[in-house]
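As C-alpha cells, the structure follows; a few thoughts come after it.
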Amino acid sequence: MLHFCRNSTLLVAFFLFSVNGSAQSDFTFKDNSKKTSIPFKLVNNLIIIEVKVNGVLLNFLLDTGVEETLLVGLESNQELYLKDVETVKLKGLGAEEPIDGLKAQGNILEVGKLWSSDHLLYVILQADLRFSASLGIPVNGILGYNFFKNHIVEINYQRRKITVYHSEHRSITNLVKKFTKVPILIERSKPYVFTQARVVQNRVCDSVKLLVDTGNSSALWLFQGTNDINEIPEKRFEDILGYGFSGVVKGKRSKIELLKINNFEFKKPVTAFPDKESLVNVKMVTNRSGSIGGDILKRFNIIFDYQNAAMYLKANSKFSDPFEYNKSGIYLQQAGVRLYKLPNKEKPSGAALTVTFGEKNVEVNFQYAFKPAYEVAALSPDAPAAKAGIQIGDVIISINEQTVGTMSLLQVANFFKSEKEEMIVLEVDRSGELKKFRFQLKNILD
C-alpha cells in the first residue's frame, strides 16, 4: 500500500529512455566505508538485490538499461510512504498507449553500505509488468544508472555477489589485472559497447553498437534495419520476447552465426529480433543496433567503471555453456497458490488425524499443502504446446508426472529448454477440469 504526501495533479510527459537524471539521487558511502558487498539472486539471468526504500525492505532488479529508479509493485501487506508526488505518463517497450505513473522526490534508499538521501522515484501504477509473476519471486522496483555512475561496481555472477568500491579510495589497476578492458560509451545514462556480429554466413557487421543491459534476460537483441542488420536467419520462429511498460514485446527468435566482444567470441547465440511495433516508444541513441543481455553477461565476471568509460570482463566457468531457448512455446507466471498433494517426504511431521469407524481407529496423514500455482500466461503461435491444445490460463498440475507444486517457476520452465527433443506430458487444471496433453519439444533453430 502506498501513502502519499502533497499529491499534485501536474501531468508530465515521461519517456523512460530519455529522462535527465537527478543529482540528488546519487549514492554515497555511509560511515566512511570504502567498499560494500551486496549479495544477489540470479533469476532467469536477472540480478535481484535488496533495497530499503524509506525504511521498507524491497526486491529490486539491477538494470544497466534504465536511467531512473522505478517502483513497480508492492505486496498487499507492505506499506510505503512517499512524499512530493506528481502524476506522470510513462512510455517504454511495447506497442500500447502510455501508462499512468507517479513521480516522488525526497526518498531515502539504502543498498548495503550505500545510501541516497534525496532520491527520485518513478512509480508505475497500471503497467503490464509481470516481473514477480514471471520470475516466481516478488520484484518491487528497478535500480539503474544511479547505482553505477559514481563508483566502481564489480559483479561476480558465480558467487552471486556485487562489490562496490569507493572510486576515490580504490585504484582500479589492481582490481582488473586478470580482466580484459572493453571501452564503453555512456549515452543517456546507459553503457554501450561496439561489437562485431555475423548474422548470416559471409556477412560480417563491424562496429555493431549494443546496449549492455543487465535487465534483459536474453542473450542478444538485434534491431532490423540498423548497421546493415537487414536479414534474419532462415531458421527462426515467432515468439513473445518479454513484457515492457506498455505491453507485450513480440518478435522473432533465431541464432546468428557469431558475436564478438573484443577477443571473446560466442558462436550461435540465441538472438531476439523484436518487431518494430514493440520499439515504437523507445527513443534510441544514434546507431544503436540492439542489446547484450543476461544470458551473455552471466558468462563473465564484470567490473563497470562508468567514470572512466570502461568495462572489464573475465570469462567464468559458464562461458562455454550452450545457449538454450524455450522449445515449447509456453510462458508461465505464478498465479497465487494451490493445494497440492505432497510426496511422502514432504508430509508435515505429526500431521495426522485419527478417525473412528465403529470399533476401529484409522490414522489419516495430511498429504496436502499450499504451494505456488503456475499458469500459462502466453503461448507462441504455431509452437508445439499450442498445437497440442494448451490454452492461456491453464494451471500446470504436473509435468512428466512430477507435481510442480514442489518446484520453483524456473525449475518448471527448464523442462521446456531441454537440448533433446523430449516428449512432454502436462496435466493442467482448466476452469476446474483436469486435462492431459502430450507434445514433443522441437529444436527449431538447430
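Just so we're on the same page: first chain in the C-alpha cells is A, next is B, and so on; residues restart at 1 for each chain, and ligands are numbered from 1 in the order they show up.
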Given only C-alpha atoms, how would the per-residue table for segment 136-223 of chain A near segment 265-279 of chain A read, listing every residue at most 9 Å away with its closest atom pair and distance in Å to one decimal, sorted by chain and number, as JSON lines?
```
{"residue": "A:Ser218", "atom": "CA", "partner": "A:Thr271", "partner_atom": "CA", "distance": 7.6}
{"residue": "A:Ala219", "atom": "CA", "partner": "A:Val270", "partner_atom": "CA", "distance": 6.3}
{"residue": "A:Leu220", "atom": "CA", "partner": "A:Thr271", "partner_atom": "CA", "distance": 4.8}
{"residue": "A:Trp221", "atom": "CA", "partner": "A:Ala272", "partner_atom": "CA", "distance": 4.7}
{"residue": "A:Leu222", "atom": "CA", "partner": "A:Phe273", "partner_atom": "CA", "distance": 5.3}
{"residue": "A:Phe223", "atom": "CA", "partner": "A:Phe273", "partner_atom": "CA", "distance": 5.9}
```
Write to file, as a PDB file, in the first residue's frame, the residues of the selection just made, with C-alpha atoms.
```pdb
ATOM      1  CA  SER A 218      18.040 -12.916 -23.238  1.00  0.00           C
ATOM      2  CA  ALA A 219      21.498 -13.339 -24.723  1.00  0.00           C
ATOM      3  CA  LEU A 220      21.156 -10.837 -27.546  1.00  0.00           C
ATOM      4  CA  TRP A 221      18.654  -8.498 -29.174  1.00  0.00           C
ATOM      5  CA  LEU A 222      19.232  -7.103 -32.665  1.00  0.00           C
ATOM      6  CA  PHE A 223      17.151  -4.474 -34.429  1.00  0.00           C
TER       7      PHE A 223
END
```
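The space separating atom CA of Ile261 of chain A from atom CA of Ile172 of chain A comes to 21.2 Å.
Restricting the calculation to only C-alpha atoms, the smallest distance between Asn45 of chain A and any of A:Ile302, A:Ile296, A:Ile444, A:Ile390 is found for A:Ile296.
Taking atom CA of Asn316 of chain A and atom CA of Leu410 of chain A as the two end points, the separation is 22.0 Å.
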Leaving out segment 134-146 of chain A and any residue of its chain fewer than 2 positions from it, which residues lie within 7 Å of it when counting only C-alpha atoms, given as a tab-separated table (two decimals) with all heavy atoms, in the first residue's frame?
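Output file around-v7.tsv is given in full below:
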```tsv
chain	number	residue	atom	x	y	z
A	25	SER	N	19.93	12.07	-6.55
A	25	SER	CA	19.75	10.62	-6.45
A	25	SER	C	21.08	9.86	-6.36
A	25	SER	O	21.10	8.65	-6.49
A	25	SER	CB	18.95	10.12	-7.66
A	25	SER	OG	17.64	10.64	-7.64
A	26	ASP	N	22.18	10.58	-6.14
A	26	ASP	CA	23.49	9.93	-6.02
A	26	ASP	C	23.54	9.03	-4.79
A	26	ASP	O	22.95	9.33	-3.75
A	26	ASP	CB	24.58	10.98	-5.90
A	26	ASP	CG	24.82	11.72	-7.21
A	26	ASP	OD1	24.16	11.38	-8.20
A	26	ASP	OD2	25.66	12.64	-7.21
A	27	PHE	N	24.30	7.92	-4.91
A	27	PHE	CA	24.57	7.05	-3.77
A	27	PHE	C	25.93	7.40	-3.19
A	27	PHE	O	26.91	7.58	-3.92
A	27	PHE	CB	24.56	5.58	-4.20
A	27	PHE	CG	23.19	4.98	-4.31
A	27	PHE	CD1	22.53	4.95	-5.53
A	27	PHE	CD2	22.55	4.46	-3.20
A	27	PHE	CE1	21.27	4.40	-5.65
A	27	PHE	CE2	21.29	3.91	-3.29
A	27	PHE	CZ	20.64	3.88	-4.53
A	43	VAL	N	18.00	-14.82	-11.12
A	43	VAL	CA	16.76	-15.48	-11.50
A	43	VAL	C	16.51	-15.22	-12.99
A	43	VAL	O	16.34	-14.08	-13.40
A	43	VAL	CB	15.56	-14.97	-10.67
A	43	VAL	CG1	14.30	-15.75	-11.03
A	43	VAL	CG2	15.85	-15.07	-9.19
A	58	LEU	N	12.76	-4.01	0.10
A	58	LEU	CA	12.12	-4.44	-1.13
A	58	LEU	C	13.13	-5.13	-2.04
A	58	LEU	O	14.34	-4.96	-1.88
A	58	LEU	CB	11.52	-3.23	-1.88
A	58	LEU	CG	10.49	-2.38	-1.12
A	58	LEU	CD1	10.13	-1.14	-1.94
A	58	LEU	CD2	9.25	-3.19	-0.80
A	59	ASN	N	12.64	-5.89	-3.01
A	59	ASN	CA	13.48	-6.52	-4.02
A	59	ASN	C	13.51	-5.65	-5.28
A	59	ASN	O	12.45	-5.26	-5.79
A	59	ASN	CB	12.95	-7.91	-4.40
A	59	ASN	CG	13.20	-8.93	-3.32
A	59	ASN	OD1	14.09	-8.78	-2.49
A	59	ASN	ND2	12.41	-9.99	-3.32
A	60	PHE	N	14.73	-5.38	-5.77
A	60	PHE	CA	14.89	-4.56	-6.97
A	60	PHE	C	15.69	-5.32	-8.03
A	60	PHE	O	16.63	-6.04	-7.71
A	60	PHE	CB	15.64	-3.26	-6.64
A	60	PHE	CG	14.74	-2.13	-6.22
A	60	PHE	CD1	13.98	-2.22	-5.07
A	60	PHE	CD2	14.67	-0.97	-6.98
A	60	PHE	CE1	13.17	-1.17	-4.67
A	60	PHE	CE2	13.84	0.09	-6.59
A	60	PHE	CZ	13.10	-0.01	-5.43
A	61	LEU	N	15.29	-5.14	-9.27
A	61	LEU	CA	16.07	-5.59	-10.41
A	61	LEU	C	17.18	-4.58	-10.66
A	61	LEU	O	16.92	-3.37	-10.75
A	61	LEU	CB	15.17	-5.70	-11.64
A	61	LEU	CG	15.84	-5.93	-12.99
A	61	LEU	CD1	16.46	-7.31	-13.06
A	61	LEU	CD2	14.82	-5.74	-14.13
A	62	LEU	N	18.43	-5.05	-10.76
A	62	LEU	CA	19.55	-4.16	-11.07
A	62	LEU	C	19.71	-4.14	-12.58
A	62	LEU	O	20.06	-5.14	-13.20
A	62	LEU	CB	20.83	-4.66	-10.40
A	62	LEU	CG	22.02	-3.71	-10.48
A	62	LEU	CD1	21.72	-2.39	-9.78
A	62	LEU	CD2	23.27	-4.35	-9.89
A	63	ASP	N	19.48	-2.96	-13.18
A	63	ASP	CA	19.30	-2.87	-14.63
A	63	ASP	C	20.12	-1.72	-15.20
A	63	ASP	O	19.77	-0.55	-15.05
A	63	ASP	CB	17.81	-2.65	-14.91
A	63	ASP	CG	17.46	-2.73	-16.38
A	63	ASP	OD1	18.39	-2.76	-17.21
A	63	ASP	OD2	16.26	-2.74	-16.71
A	64	THR	N	21.20	-2.05	-15.90
A	64	THR	CA	22.02	-1.02	-16.55
A	64	THR	C	21.29	-0.35	-17.70
A	64	THR	O	21.74	0.69	-18.20
A	64	THR	CB	23.33	-1.63	-17.08
A	64	THR	OG1	23.02	-2.76	-17.91
A	64	THR	CG2	24.23	-2.07	-15.94
A	65	GLY	N	20.19	-0.91	-18.14
A	65	GLY	CA	19.44	-0.35	-19.26
A	65	GLY	C	18.38	0.65	-18.86
A	65	GLY	O	17.58	1.07	-19.70
A	66	VAL	N	18.36	1.06	-17.59
A	66	VAL	CA	17.36	2.01	-17.11
A	66	VAL	C	18.07	3.18	-16.44
A	66	VAL	O	19.04	2.99	-15.70
A	66	VAL	CB	16.38	1.34	-16.12
A	66	VAL	CG1	15.54	2.37	-15.39
A	66	VAL	CG2	15.48	0.37	-16.87
A	67	GLU	N	17.60	4.38	-16.71
A	67	GLU	CA	18.21	5.58	-16.12
A	67	GLU	C	17.66	5.86	-14.74
A	67	GLU	O	18.39	5.93	-13.75
A	67	GLU	CB	17.98	6.78	-17.03
A	67	GLU	CG	18.51	8.07	-16.46
A	67	GLU	CD	18.27	9.27	-17.37
A	67	GLU	OE1	17.80	9.06	-18.51
A	67	GLU	OE2	18.56	10.39	-16.94
A	68	GLU	N	16.35	6.03	-14.64
A	68	GLU	CA	15.75	6.42	-13.37
A	68	GLU	C	15.43	5.20	-12.51
A	68	GLU	O	15.37	4.07	-12.99
A	68	GLU	CB	14.48	7.23	-13.63
A	68	GLU	CG	14.70	8.53	-14.35
A	68	GLU	CD	15.50	9.54	-13.54
A	68	GLU	OE1	15.66	9.34	-12.32
A	68	GLU	OE2	15.95	10.53	-14.12
A	69	THR	N	15.20	5.46	-11.23
A	69	THR	CA	14.81	4.40	-10.30
A	69	THR	C	13.30	4.27	-10.33
A	69	THR	O	12.57	5.25	-10.21
A	69	THR	CB	15.29	4.72	-8.88
A	69	THR	OG1	16.70	4.97	-8.91
A	69	THR	CG2	15.00	3.57	-7.94
A	70	LEU	N	12.83	3.04	-10.51
A	70	LEU	CA	11.41	2.78	-10.71
A	70	LEU	C	10.87	1.89	-9.60
A	70	LEU	O	11.53	0.96	-9.15
A	70	LEU	CB	11.16	2.10	-12.06
A	70	LEU	CG	11.77	2.77	-13.29
A	70	LEU	CD1	11.53	1.90	-14.52
A	70	LEU	CD2	11.18	4.15	-13.50
A	71	LEU	N	9.64	2.16	-9.19
A	71	LEU	CA	8.91	1.29	-8.28
A	71	LEU	C	7.77	0.68	-9.06
A	71	LEU	O	6.97	1.40	-9.67
A	71	LEU	CB	8.38	2.09	-7.09
A	71	LEU	CG	7.82	1.31	-5.90
A	71	LEU	CD1	8.93	0.55	-5.19
A	71	LEU	CD2	7.12	2.25	-4.92
A	72	VAL	N	7.71	-0.67	-9.08
A	72	VAL	CA	6.75	-1.31	-9.98
A	72	VAL	C	5.69	-2.13	-9.27
A	72	VAL	O	4.78	-2.63	-9.89
A	72	VAL	CB	7.47	-2.22	-11.00
A	72	VAL	CG1	8.37	-1.41	-11.90
A	72	VAL	CG2	8.26	-3.33	-10.31
A	73	GLY	N	5.76	-2.28	-7.96
A	73	GLY	CA	4.72	-3.06	-7.30
A	73	GLY	C	5.08	-3.41	-5.88
A	73	GLY	O	6.24	-3.60	-5.54
A	74	LEU	N	4.07	-3.49	-5.03
A	74	LEU	CA	4.24	-3.87	-3.63
A	74	LEU	C	3.33	-5.03	-3.31
A	74	LEU	O	2.26	-5.21	-3.90
A	74	LEU	CB	3.91	-2.70	-2.71
A	74	LEU	CG	4.84	-1.49	-2.73
A	74	LEU	CD1	4.28	-0.40	-1.83
A	74	LEU	CD2	6.24	-1.86	-2.29
A	130	ARG	N	5.17	-7.98	-15.45
A	130	ARG	CA	4.95	-9.28	-14.82
A	130	ARG	C	6.24	-9.80	-14.20
A	130	ARG	O	6.52	-10.99	-14.24
A	130	ARG	CB	4.41	-10.27	-15.86
A	130	ARG	CG	3.19	-9.71	-16.58
A	130	ARG	CD	2.58	-10.72	-17.54
A	130	ARG	NE	1.57	-10.09	-18.37
A	130	ARG	CZ	0.81	-10.75	-19.25
A	130	ARG	NH1	0.96	-12.04	-19.42
A	130	ARG	NH2	-0.08	-10.11	-19.96
A	131	PHE	N	7.05	-8.87	-13.63
A	131	PHE	CA	8.31	-9.29	-13.05
A	131	PHE	C	8.09	-10.38	-12.01
A	131	PHE	O	8.65	-11.47	-12.08
A	131	PHE	CB	9.02	-8.11	-12.39
A	131	PHE	CG	9.57	-7.11	-13.37
A	131	PHE	CD1	9.28	-5.77	-13.24
A	131	PHE	CD2	10.38	-7.51	-14.41
A	131	PHE	CE1	9.78	-4.85	-14.13
A	131	PHE	CE2	10.89	-6.59	-15.31
A	131	PHE	CZ	10.58	-5.26	-15.16
A	132	SER	N	7.30	-10.06	-11.00
A	132	SER	CA	7.10	-11.00	-9.90
A	132	SER	C	6.48	-12.30	-10.39
A	132	SER	O	6.92	-13.39	-10.04
A	132	SER	CB	6.23	-10.37	-8.81
A	132	SER	OG	6.87	-9.24	-8.26
A	148	PHE	N	25.34	2.93	-10.51
A	148	PHE	CA	26.63	2.68	-11.18
A	148	PHE	C	27.47	3.94	-11.39
A	148	PHE	O	28.69	3.85	-11.54
A	148	PHE	CB	26.38	2.05	-12.57
A	148	PHE	CG	25.85	0.65	-12.52
A	148	PHE	CD1	24.48	0.41	-12.53
A	148	PHE	CD2	26.70	-0.44	-12.48
A	148	PHE	CE1	23.98	-0.88	-12.49
A	148	PHE	CE2	26.22	-1.74	-12.44
A	148	PHE	CZ	24.85	-1.95	-12.44
A	149	LYS	N	26.86	5.12	-11.43
A	149	LYS	CA	27.51	6.25	-12.06
A	149	LYS	C	28.73	6.79	-11.32
A	149	LYS	O	29.64	7.35	-11.95
A	149	LYS	CB	26.49	7.37	-12.28
A	149	LYS	CG	25.91	7.99	-11.02
A	149	LYS	CD	24.92	9.09	-11.40
A	149	LYS	CE	24.27	9.71	-10.19
A	149	LYS	NZ	23.32	10.77	-10.56
A	189	SER	N	22.83	8.01	-20.04
A	189	SER	CA	22.99	7.32	-18.75
A	189	SER	C	23.00	5.80	-18.87
A	189	SER	O	22.72	5.11	-17.89
A	189	SER	CB	21.88	7.76	-17.78
A	189	SER	OG	21.88	9.16	-17.62
A	190	LYS	N	23.35	5.28	-20.04
A	190	LYS	CA	23.41	3.83	-20.23
A	190	LYS	C	24.71	3.46	-20.94
A	190	LYS	O	25.22	4.23	-21.74
A	190	LYS	CB	22.21	3.35	-21.05
A	190	LYS	CG	20.87	3.72	-20.43
A	190	LYS	CD	19.74	3.35	-21.36
A	190	LYS	CE	18.43	3.93	-20.86
A	190	LYS	NZ	18.37	5.39	-20.93
A	332	LEU	N	5.15	-19.15	-18.59
A	332	LEU	CA	4.43	-19.32	-17.33
A	332	LEU	C	4.53	-18.08	-16.45
A	332	LEU	O	5.45	-17.28	-16.56
A	332	LEU	CB	4.99	-20.51	-16.56
A	332	LEU	CG	4.88	-21.89	-17.23
A	332	LEU	CD1	5.61	-22.93	-16.39
A	332	LEU	CD2	3.42	-22.29	-17.41
A	333	GLN	N	3.57	-17.97	-15.54
A	333	GLN	CA	3.65	-16.98	-14.48
A	333	GLN	C	3.05	-17.58	-13.22
A	333	GLN	O	2.22	-18.49	-13.29
A	333	GLN	CB	2.92	-15.69	-14.85
A	333	GLN	CG	1.42	-15.83	-14.98
A	333	GLN	CD	0.76	-14.52	-15.37
A	333	GLN	OE1	1.41	-13.58	-15.78
A	333	GLN	NE2	-0.56	-14.44	-15.23
A	334	GLN	N	3.50	-17.07	-12.08
A	334	GLN	CA	2.92	-17.53	-10.82
A	334	GLN	C	1.58	-16.84	-10.62
A	334	GLN	O	1.46	-15.63	-10.80
A	334	GLN	CB	3.85	-17.23	-9.66
A	334	GLN	CG	3.36	-17.80	-8.33
A	334	GLN	CD	4.38	-17.67	-7.23
A	334	GLN	OE1	5.58	-17.66	-7.47
A	334	GLN	NE2	3.91	-17.56	-5.99
A	409	LEU	N	9.42	-21.81	-10.16
A	409	LEU	CA	8.98	-21.48	-11.52
A	409	LEU	C	10.10	-21.75	-12.52
A	409	LEU	O	9.86	-22.26	-13.63
A	409	LEU	CB	8.54	-20.02	-11.58
A	409	LEU	CG	8.00	-19.52	-12.91
A	409	LEU	CD1	6.77	-20.32	-13.34
A	409	LEU	CD2	7.65	-18.03	-12.82
```
Legend entry - strand (DSSP E) per DSSP on the backbone: members of segment 97-332 of chain A, as a VMD selection string: chain A and resid 99 to 111 114 to 124 141 to 143 152 to 156 161 to 165 180 to 183 185 to 187 190 to 200 203 to 212 220 to 222 236 to 244 247 to 255 258 to 261 264 to 267 270 to 274 288 to 292 300 to 305 310 to 315 330 to 332
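Distances here use only C-alpha atoms; by that measure, the residue among A:Ile47, A:Ala104, A:Asn230, A:Ala378 closest to Lys250 of chain A is A:Ala378.
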Legend entry - Residue among A:Leu120, A:Val200, A:Val428, A:Ala309 lying closest to Glu375 of chain A, counting only C-alpha atoms: A:Val428
